[in-house]
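Asker: Here you go, query-v4.csv (CSV, C-alpha atoms and all ligand atoms):
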chain,number,residue,atom,x,y,z
A,1,MET,CA,0.3,-15.5,6.8
A,2,VAL,CA,1.7,-14.0,3.7
A,3,LEU,CA,0.4,-16.8,1.4
A,4,SER,CA,-3.1,-16.2,2.6
A,5,LEU,CA,-3.1,-13.3,0.1
A,6,ALA,CA,-3.6,-16.1,-2.5
A,7,ASP,CA,-7.0,-17.0,-1.0
A,8,TYR,CA,-8.8,-13.7,-1.7
A,9,GLY,CA,-9.9,-11.2,-4.2
A,10,VAL,CA,-7.7,-9.3,-6.7
A,11,VAL,CA,-4.4,-10.9,-5.6
A,12,GLY,CA,-5.9,-14.4,-5.5
A,13,ARG,CA,-7.3,-14.0,-9.1
A,14,ALA,CA,-4.0,-12.5,-10.4
A,15,ILE,CA,-2.1,-15.6,-9.1
A,16,GLU,CA,-4.7,-18.0,-10.6
A,17,ASN,CA,-4.4,-16.1,-13.9
A,18,LYS,CA,-0.6,-16.4,-13.7
A,19,LEU,CA,-0.1,-12.6,-13.7
A,20,VAL,CA,2.1,-12.8,-10.7
A,21,VAL,CA,3.9,-15.5,-8.6
A,22,ILE,CA,4.1,-15.1,-4.9
A,23,GLU,CA,6.4,-17.3,-2.8
A,24,ALA,CA,7.2,-17.2,0.9
A,25,LEU,CA,10.3,-18.3,2.8
A,26,ASN,CA,10.5,-18.7,6.6
A,27,PRO,CA,13.8,-17.5,8.0
A,28,ARG,CA,13.6,-20.3,10.6
A,29,ASP,CA,14.2,-22.8,7.9
A,30,PHE,CA,17.6,-21.2,7.3
A,31,SER,CA,18.7,-21.3,10.9
A,32,THR,CA,21.6,-23.6,11.7
A,33,ASP,CA,20.6,-23.4,15.4
A,34,ARG,CA,19.3,-26.6,17.0
A,35,HIS,CA,16.1,-24.8,18.0
A,36,HIS,CA,15.8,-22.9,14.7
A,37,ARG,CA,16.4,-19.6,16.4
A,38,VAL,CA,16.7,-16.5,14.3
A,39,ASP,CA,17.1,-13.9,17.0
A,40,ASP,CA,19.7,-13.0,19.7
A,41,ARG,CA,20.2,-10.4,22.4
A,42,PRO,CA,21.1,-6.8,21.3
A,43,TYR,CA,24.8,-5.7,21.6
A,44,GLY,CA,24.8,-2.7,24.0
A,45,GLY,CA,21.9,-4.2,25.9
A,46,GLY,CA,18.3,-3.1,26.1
A,47,PRO,CA,14.9,-4.7,25.7
A,48,GLY,CA,13.8,-7.1,23.0
A,49,MET,CA,15.7,-9.3,20.6
A,50,VAL,CA,17.4,-8.7,17.3
A,51,MET,CA,17.1,-10.8,14.1
A,52,GLN,CA,20.4,-12.3,13.2
A,53,MET,CA,22.0,-11.7,9.8
A,54,GLU,CA,22.7,-15.3,8.8
A,55,PRO,CA,19.3,-16.9,8.5
A,56,LEU,CA,17.9,-13.8,6.7
A,57,GLN,CA,20.9,-13.7,4.3
A,58,LYS,CA,20.5,-17.3,3.4
A,59,ALA,CA,16.8,-16.8,2.8
A,60,ILE,CA,17.4,-13.8,0.6
A,61,GLN,CA,20.1,-15.7,-1.3
A,62,LYS,CA,17.6,-18.5,-1.9
A,63,ALA,CA,15.0,-16.1,-3.1
A,64,THR,CA,17.4,-14.5,-5.6
A,65,GLN,CA,19.3,-17.6,-6.8
A,66,ASN,CA,17.4,-18.1,-10.0
A,67,THR,CA,17.0,-14.4,-11.0
A,68,SER,CA,19.5,-12.0,-12.5
A,69,GLU,CA,17.8,-8.7,-11.6
A,70,SER,CA,16.2,-8.7,-8.2
A,71,HIS,CA,15.3,-5.7,-6.0
A,72,VAL,CA,15.3,-6.2,-2.3
A,73,VAL,CA,12.9,-4.2,-0.2
A,74,CYS,CA,12.9,-4.4,3.6
A,75,LEU,CA,9.6,-3.5,5.3
A,76,SER,CA,10.8,-1.3,8.3
A,77,ALA,CA,9.3,1.3,10.6
A,78,GLN,CA,12.6,3.2,9.7
A,79,GLY,CA,11.8,3.2,6.0
A,80,LYS,CA,10.5,5.8,3.6
A,81,ARG,CA,6.7,6.1,3.9
A,82,LEU,CA,5.0,4.3,1.0
A,83,GLU,CA,3.0,6.4,-1.5
A,84,HIS,CA,1.5,5.7,-4.9
A,85,ALA,CA,4.7,6.8,-6.7
A,86,ASP,CA,6.6,4.1,-4.9
A,87,VAL,CA,4.1,1.5,-5.8
A,88,GLN,CA,4.4,2.5,-9.5
A,89,ARG,CA,8.2,2.5,-9.3
A,90,LEU,CA,8.5,-0.8,-7.5
A,91,GLY,CA,6.0,-2.3,-9.9
A,92,ALA,CA,8.5,-1.9,-12.7
A,93,TYR,CA,10.9,-4.5,-11.2
A,94,PRO,CA,10.4,-8.0,-12.7
A,95,HIS,CA,11.4,-9.6,-9.4
A,96,LEU,CA,11.0,-8.2,-5.9
A,97,VAL,CA,12.2,-9.7,-2.6
A,98,LEU,CA,10.3,-8.3,0.4
A,99,VAL,CA,12.0,-8.8,3.8
A,100,ALA,CA,9.8,-8.7,6.8
A,101,GLY,CA,11.3,-8.6,10.3
A,102,ARG,CA,10.0,-9.4,13.7
A,103,TYR,CA,11.3,-8.6,17.2
A,104,GLU,CA,13.0,-5.2,17.9
A,105,GLY,CA,14.7,-5.1,14.6
A,106,ILE,CA,17.1,-6.7,12.1
A,107,ASP,CA,20.9,-6.7,12.4
A,108,GLU,CA,21.9,-3.5,10.5
A,109,ARG,CA,24.6,-5.4,8.6
A,110,LEU,CA,22.0,-7.5,6.9
A,111,ILE,CA,20.3,-4.3,5.6
A,112,GLU,CA,23.7,-2.9,4.6
A,113,ALA,CA,24.7,-6.0,2.7
A,114,GLU,CA,21.4,-7.2,1.1
A,115,VAL,CA,18.7,-4.5,1.2
A,116,ASP,CA,18.2,-2.0,-1.6
A,117,GLU,CA,15.6,0.2,0.2
A,118,GLU,CA,13.5,0.3,3.3
A,119,ILE,CA,9.7,1.0,3.2
A,120,CYS,CA,7.3,1.9,5.9
A,121,ILE,CA,3.4,1.9,5.4
A,122,GLY,CA,2.6,4.7,7.9
A,123,ASP,CA,3.4,6.3,11.2
A,124,TYR,CA,2.0,3.7,13.5
A,125,VAL,CA,3.5,0.5,15.0
A,126,VAL,CA,2.4,-2.9,13.9
A,127,SER,CA,4.0,-6.1,15.3
A,128,GLY,CA,6.1,-7.1,12.3
A,129,GLY,CA,6.9,-6.6,8.6
A,130,GLU,CA,4.5,-9.2,7.3
A,131,LEU,CA,1.3,-7.1,7.2
A,132,PRO,CA,3.2,-4.2,5.7
A,133,ALA,CA,4.6,-6.6,3.1
A,134,MET,CA,1.1,-7.9,2.3
A,135,VAL,CA,-0.1,-4.3,1.9
A,136,LEU,CA,2.7,-3.6,-0.5
A,137,VAL,CA,2.0,-6.8,-2.5
A,138,ASP,CA,-1.7,-5.9,-2.7
A,139,ALA,CA,-1.0,-2.4,-3.9
A,140,LEU,CA,1.5,-3.8,-6.5
A,141,VAL,CA,-0.7,-6.5,-7.9
A,142,ARG,CA,-3.6,-4.0,-8.5
A,143,GLN,CA,-1.2,-2.2,-10.9
A,144,ILE,CA,-0.6,-5.2,-13.1
A,145,PRO,CA,-2.5,-4.8,-16.3
A,146,GLY,CA,-5.4,-7.3,-16.3
A,147,ALA,CA,-5.4,-7.8,-12.6
A,148,LEU,CA,-8.6,-5.7,-12.0
A,149,GLY,CA,-11.9,-6.7,-13.5
A,150,HIS,CA,-12.4,-3.4,-15.2
A,151,GLU,CA,-9.3,-2.6,-17.3
A,152,ASP,CA,-8.9,1.1,-16.3
A,153,SER,CA,-10.0,0.9,-12.6
A,154,ALA,CA,-6.5,1.1,-11.3
A,155,ALA,CA,-6.1,4.4,-13.1
A,156,GLN,CA,-9.3,5.6,-11.4
A,157,ASP,CA,-8.1,4.8,-7.9
A,158,SER,CA,-7.9,7.5,-5.3
A,159,PHE,CA,-4.5,9.2,-5.2
A,160,VAL,CA,-3.7,8.5,-8.8
A,161,ASP,CA,-5.0,11.9,-9.8
A,162,GLY,CA,-3.9,13.3,-6.3
A,163,LEU,CA,-7.5,13.5,-5.0
A,164,LEU,CA,-9.7,11.5,-2.7
A,165,ASP,CA,-12.6,9.6,-4.2
A,166,CYS,CA,-16.1,11.1,-4.3
A,167,PRO,CA,-19.0,9.6,-2.2
A,168,HIS,CA,-20.8,6.5,-3.6
A,169,TYR,CA,-24.4,5.5,-3.3
A,170,THR,CA,-26.4,2.4,-4.2
A,171,ARG,CA,-30.0,1.2,-3.7
A,172,PRO,CA,-32.2,1.9,-1.9
A,173,GLU,CA,-32.8,5.6,-2.7
A,174,SER,CA,-33.7,6.4,0.9
A,175,ILE,CA,-32.4,4.9,4.2
A,176,GLU,CA,-33.9,6.3,7.4
A,177,GLY,CA,-34.5,9.7,5.8
A,178,GLN,CA,-31.0,9.8,4.2
A,179,VAL,CA,-31.4,10.3,0.5
A,180,VAL,CA,-29.1,9.9,-2.5
A,181,PRO,CA,-28.0,13.3,-3.9
A,182,GLU,CA,-30.6,14.4,-6.6
A,183,VAL,CA,-28.0,14.8,-9.4
A,184,LEU,CA,-27.1,11.1,-9.3
A,185,LEU,CA,-30.7,10.1,-9.9
A,186,GLY,CA,-31.0,12.0,-13.2
A,187,GLY,CA,-29.3,11.1,-16.4
A,188,ASP,CA,-27.2,14.2,-16.9
A,189,HIS,CA,-23.8,12.7,-17.1
A,190,ASN,CA,-22.0,16.1,-17.4
A,191,ALA,CA,-23.7,17.3,-14.2
A,192,ILE,CA,-22.8,14.0,-12.5
A,193,GLU,CA,-19.1,14.2,-13.5
A,194,LYS,CA,-19.0,17.8,-12.3
A,195,TRP,CA,-20.6,16.9,-9.0
A,196,ARG,CA,-18.1,14.0,-8.5
A,197,THR,CA,-15.1,16.2,-9.2
A,198,LYS,CA,-16.5,18.9,-6.9
A,199,GLN,CA,-17.0,16.3,-4.1
A,200,SER,CA,-13.4,15.0,-4.6
A,201,LEU,CA,-11.9,18.4,-4.5
A,202,GLY,CA,-14.0,19.4,-1.4
A,203,ARG,CA,-13.3,16.4,0.7
A,204,THR,CA,-9.6,16.4,-0.3
A,205,TYR,CA,-9.4,20.1,0.8
A,206,LEU,CA,-11.1,19.3,4.1
A,207,ARG,CA,-9.6,15.9,5.0
A,208,ARG,CA,-6.2,16.0,3.2
A,209,PRO,CA,-4.9,19.6,2.9
A,210,ASP,CA,-1.5,18.2,2.4
A,211,LEU,CA,-2.6,16.7,-0.9
A,212,ILE,CA,-4.3,19.9,-2.1
A,213,ALA,CA,-1.1,21.9,-1.1
A,214,LYS,CA,1.1,20.0,-3.5
A,215,MET,CA,-1.4,20.2,-6.4
A,216,ASP,CA,-1.6,22.9,-8.9
A,217,LEU,CA,-5.3,23.5,-9.2
A,218,SER,CA,-6.7,24.6,-12.5
A,219,GLU,CA,-9.1,27.6,-12.7
A,220,GLU,CA,-12.0,25.2,-13.2
A,221,GLN,CA,-11.0,23.2,-10.1
A,222,ARG,CA,-10.7,26.3,-8.0
A,223,THR,CA,-14.2,27.4,-9.1
A,224,LEU,CA,-15.6,23.9,-8.2
A,225,LEU,CA,-13.8,24.0,-4.8
A,226,ALA,CA,-15.2,27.5,-4.0
A,227,GLU,CA,-18.7,26.2,-5.0
A,228,TYR,CA,-18.3,23.2,-2.7
A,229,LEU,CA,-17.2,25.3,0.3
A,230,LYS,CA,-20.1,27.8,-0.3
A,231,GLU,CA,-22.6,24.9,-0.5
A,232,GLN,CA,-21.1,23.5,2.7
A,233,GLN,CA,-22.1,26.8,4.5
A,234,ASP,CA,-25.7,26.7,3.3
B,301,LIG,C1,7.7,-0.6,19.6
B,301,LIG,C2,9.1,-1.0,19.2
B,301,LIG,N1,9.8,0.0,18.4
B,301,LIG,C3,10.8,0.7,19.1
B,301,LIG,C4,10.6,1.2,20.4
B,301,LIG,C5,10.5,-0.6,17.3
B,301,LIG,C6,9.7,-1.4,16.4
B,301,LIG,C7,10.2,-2.7,16.1
B,301,LIG,C8,9.5,-3.5,15.2
B,301,LIG,C9,8.6,-1.0,15.7
B,301,LIG,C10,7.9,-1.8,14.8
B,301,LIG,C11,8.4,-3.1,14.6
B,301,LIG,C12,7.6,-3.9,13.7
B,301,LIG,N2,7.1,-3.2,12.5
B,301,LIG,C13,7.6,-3.3,11.3
B,301,LIG,O1,8.5,-4.1,11.1
B,301,LIG,C14,7.1,-2.5,10.2
B,301,LIG,C15,6.3,-1.3,10.2
B,301,LIG,C16,5.5,-0.7,11.3
B,301,LIG,O2,5.6,-1.0,12.5
B,301,LIG,N3,4.8,0.4,10.9
B,301,LIG,C17,4.7,0.9,9.7
B,301,LIG,N4,5.3,0.3,8.7
B,301,LIG,C18,6.1,-0.8,9.0
B,301,LIG,S1,7.0,-1.6,7.9
B,301,LIG,C19,7.6,-2.7,9.0
Let me see whether you can do it: turn the structure in this file into structure tokens.
Answerer:
Amino acid sequence: MVLSLADYGVVGRAIENKLVVIEALNPRDFSTDRHHRVDDRPYGGGPGMVMQMEPLQKAIQKATQNTSESHVVCLSAQGKRLEHADVQRLGAYPHLVLVAGRYEGIDERLIEAEVDEEICIGDYVVSGGELPAMVLVDALVRQIPGALGHEDSAAQDSFVDGLLDCPHYTRPESIEGQVVPEVLLGGDHNAIEKWRTKQSLGRTYLRRPDLIAKMDLSEEQRTLLAEYLKEQQD
């Protein structure tokens, strides 16, 4: 599942171009149990199973055996919610080990002993840590210089400047009566830039008031936002 990342898009190309190496280990291969079990019943009772420490610890040791500085991240619903600042921070480590759990959870002693931090990708439940790990890998690889076709596109991504992206349009000019905004059809690049910034501010204000609240809007940004809201009324 995790290695399927290599088959597509930005991550696939980054691997081909040797900008990043991605390896995967299956905890089952480190189980000493006859049936390659990695889970057992929870102490204290209750539903579900718990991942045992030993197979995961052996897998982590294998993953770190040829590296001096390794940072171990466990994908966990109990972790800190991932944001762009975390992607930037984690991207500075030369070697990351991402631990993905299944079942109800992982034996807490494994986390105590081997994990440097726990990361969650949002307040909803998915079935295991693999997809969250893949999300993190994708976000990290996009940050590697040269991984994106256009050199500075990562810097242009939404959230980097704290705002949502503006709307985009391509041909045709009209679809079922829905037309492309006039300003984008002309060649006035200052007017286009101003329109895009205004749209970004406006939709961030409407859709993500939390992002606007932690920004310190300039006088110019305030004016653009006021214009956007006024134009919304008309
Ligand atoms: C529904 C079961 N939950 C407790 C009643 C606990 C639970 C166990 C295992 C919840 C999720 C999972 C599997 N998820 C992850 O390992 C996970 C995750 C997620 O579910 N949401 C957002 N980020 C992450 S990172 C890892």
Asker: Taking only C-alpha atoms into account, which of A:Glu108, A:Glu130, A:Asp116, A:Glu54 comes nearest Leu90 (chain A)?
Answerer: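 For Leu90 (chain A), the nearest of the given residues is A:Asp116.
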Asker: Could you list, as an mmCIF file with C-alpha atoms, in the frame of the given file, all protein and nucleic acid residues with an atom at most 9 Å from ligand LIG 301 (chain B), counting all atoms listed in the file?
Answerer:
data_model
loop_
_atom_site.group_PDB
_atom_site.id
_atom_site.type_symbol
_atom_site.label_atom_id
_atom_site.label_comp_id
_atom_site.auth_asym_id
_atom_site.auth_seq_id
_atom_site.Cartn_x
_atom_site.Cartn_y
_atom_site.Cartn_z
ATOM 1 C CA GLY A 48 13.800 -7.100 23.000
ATOM 2 C CA CYS A 74 12.900 -4.400 3.600
ATOM 3 C CA LEU A 75 9.600 -3.500 5.300
ATOM 4 C CA SER A 76 10.800 -1.300 8.300
ATOM 5 C CA ALA A 77 9.300 1.300 10.600
ATOM 6 C CA GLN A 78 12.600 3.200 9.700
ATOM 7 C CA GLY A 79 11.800 3.200 6.000
ATOM 8 C CA ARG A 81 6.700 6.100 3.900
ATOM 9 C CA LEU A 82 5.000 4.300 1.000
ATOM 10 C CA ALA A 100 9.800 -8.700 6.800
ATOM 11 C CA GLY A 101 11.300 -8.600 10.300
ATOM 12 C CA ARG A 102 10.000 -9.400 13.700
ATOM 13 C CA TYR A 103 11.300 -8.600 17.200
ATOM 14 C CA GLU A 104 13.000 -5.200 17.900
ATOM 15 C CA GLY A 105 14.700 -5.100 14.600
ATOM 16 C CA ILE A 106 17.100 -6.700 12.100
ATOM 17 C CA GLU A 118 13.500 0.300 3.300
ATOM 18 C CA ILE A 119 9.700 1.000 3.200
ATOM 19 C CA CYS A 120 7.300 1.900 5.900
ATOM 20 C CA ILE A 121 3.400 1.900 5.400
ATOM 21 C CA GLY A 122 2.600 4.700 7.900
ATOM 22 C CA ASP A 123 3.400 6.300 11.200
ATOM 23 C CA TYR A 124 2.000 3.700 13.500
ATOM 24 C CA VAL A 125 3.500 0.500 15.000
ATOM 25 C CA VAL A 126 2.400 -2.900 13.900
ATOM 26 C CA SER A 127 4.000 -6.100 15.300
ATOM 27 C CA GLY A 128 6.100 -7.100 12.300
ATOM 28 C CA GLY A 129 6.900 -6.600 8.600
ATOM 29 C CA GLU A 130 4.500 -9.200 7.300
ATOM 30 C CA LEU A 131 1.300 -7.100 7.200
ATOM 31 C CA PRO A 132 3.200 -4.200 5.700
ATOM 32 C CA ALA A 133 4.600 -6.600 3.100
#
Asker: Could you please determine the separation between CA of Val10 (chain A) and CA of Val99 (chain A) in Å, to one decimal place?
Answerer: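 Computing it gives 22.3 Å between the two atoms.
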Asker: Smallest atom-to-atom distance to Glu112 (chain A): which of A:Ala154, A:Leu185, A:Val72, A:Leu225, using all atoms listed in the file?
Answerer: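 Of all the options, A:Val72 lies closest to Glu112 (chain A).
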Asker: Would you mind listing what lies within 12 Å of Leu229 (chain A) as a PyMOL selection string, with only C-alpha atoms counted and same-chain residues fewer than 6 positions away left out?
Answerer: chain A and resi 198-199+201-206+222-223
Asker: Please compute the CA of Glu83 (chain A)-CA of Ile192 (chain A) distance, one decimal, in Å.
Answerer: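 A separation of 29.1 Å between them.
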Asker: If we count only C-alpha atoms and set the cut-off at 10 Å, which residues sit around Met53 (chain A), ignoring sequence neighbours fewer than 2 positions away in its own chain? Please answer as JSON, numbers by chain.
Answerer: {"A": [38, 39, 50, 51, 55, 56, 57, 58, 106, 107, 108, 109, 110, 111, 113, 114]}
Asker: Could you check which of A:Ile144, A:Ser70, A:Ala213, A:Asp33 is closest to Gln52 (chain A), using only C-alpha atoms?
Answerer: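 Using only C-alpha atoms, Gln52 (chain A) sits closest to A:Asp33.
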Asker: Mind giving me the straight-line distance from CA of Leu148 (chain A) to CA of Asn190 (chain A) in Å, one decimal?
Answerer: 26.2 Å
Asker: Between A:His36, A:Ala226, A:Leu211, A:Arg41, which has the minimum distance to Val160 (chain A) (counting all atoms listed in the file)?
Answerer: A:Leu211
Asker: Given only C-alpha atoms as the basis, pick out the residue of A:Gln143, A:Asn66, A:Thr197, A:Ser4 nearest to Val20 (chain A).
Answerer: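 When distances to Val20 (chain A) are compared using only C-alpha atoms, the smallest one comes from A:Gln143.
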Asker: Is it possible to produce a file of region 58-79 of chain A from this structure, with N, CA and C atoms, as a compact mmCIF listing (two decimals), in the first residue's frame?
Answerer:
# COMPACT_ATOMS: atom_id res chain seq x y z
N LYS A 58 11.28 -4.18 16.68
CA LYS A 58 12.28 -4.81 15.79
C LYS A 58 12.26 -4.15 14.42
N ALA A 59 11.08 -3.83 13.93
CA ALA A 59 10.97 -3.18 12.61
C ALA A 59 11.61 -1.79 12.65
N ILE A 60 11.36 -1.04 13.73
CA ILE A 60 11.95 0.30 13.86
C ILE A 60 13.47 0.20 13.96
N GLN A 61 13.95 -0.79 14.73
CA GLN A 61 15.40 -0.97 14.85
C GLN A 61 16.03 -1.29 13.49
N LYS A 62 15.35 -2.12 12.72
CA LYS A 62 15.81 -2.43 11.36
C LYS A 62 15.86 -1.16 10.51
N ALA A 63 14.83 -0.33 10.64
CA ALA A 63 14.73 0.88 9.82
C ALA A 63 15.81 1.90 10.17
N THR A 64 16.31 1.85 11.39
CA THR A 64 17.27 2.86 11.84
C THR A 64 18.69 2.31 11.94
N GLN A 65 18.90 1.06 11.58
CA GLN A 65 20.20 0.41 11.88
C GLN A 65 21.38 1.03 11.11
N ASN A 66 21.12 1.60 9.93
CA ASN A 66 22.23 2.15 9.15
C ASN A 66 22.28 3.67 9.16
N THR A 67 21.56 4.27 10.10
CA THR A 67 21.54 5.73 10.16
C THR A 67 21.86 6.19 11.58
N SER A 68 22.56 7.35 11.67
CA SER A 68 22.91 7.87 12.98
C SER A 68 21.79 8.76 13.51
N GLU A 69 21.25 9.63 12.65
CA GLU A 69 20.21 10.55 13.12
C GLU A 69 18.88 10.24 12.45
N SER A 70 17.99 9.62 13.21
CA SER A 70 16.69 9.25 12.67
C SER A 70 15.61 9.84 13.56
N HIS A 71 14.54 10.34 12.96
CA HIS A 71 13.43 10.90 13.72
C HIS A 71 12.23 9.99 13.50
N VAL A 72 11.64 9.51 14.61
CA VAL A 72 10.57 8.53 14.51
C VAL A 72 9.22 9.19 14.78
N VAL A 73 8.35 9.15 13.77
CA VAL A 73 7.01 9.75 13.86
C VAL A 73 5.98 8.64 13.82
N CYS A 74 5.08 8.63 14.80
CA CYS A 74 3.98 7.67 14.77
C CYS A 74 2.72 8.38 14.29
N LEU A 75 2.09 7.84 13.26
CA LEU A 75 0.80 8.37 12.81
C LEU A 75 -0.26 7.84 13.76
N SER A 76 -0.94 8.75 14.43
CA SER A 76 -1.87 8.35 15.47
C SER A 76 -2.99 9.35 15.59
N ALA A 77 -4.21 8.84 15.81
CA ALA A 77 -5.36 9.72 16.00
C ALA A 77 -5.18 10.57 17.27
N GLN A 78 -4.24 10.16 18.15
CA GLN A 78 -3.97 10.92 19.38
C GLN A 78 -2.88 11.97 19.18
N GLY A 79 -2.37 12.08 17.94
CA GLY A 79 -1.24 12.97 17.70
C GLY A 79 -1.62 14.42 17.52
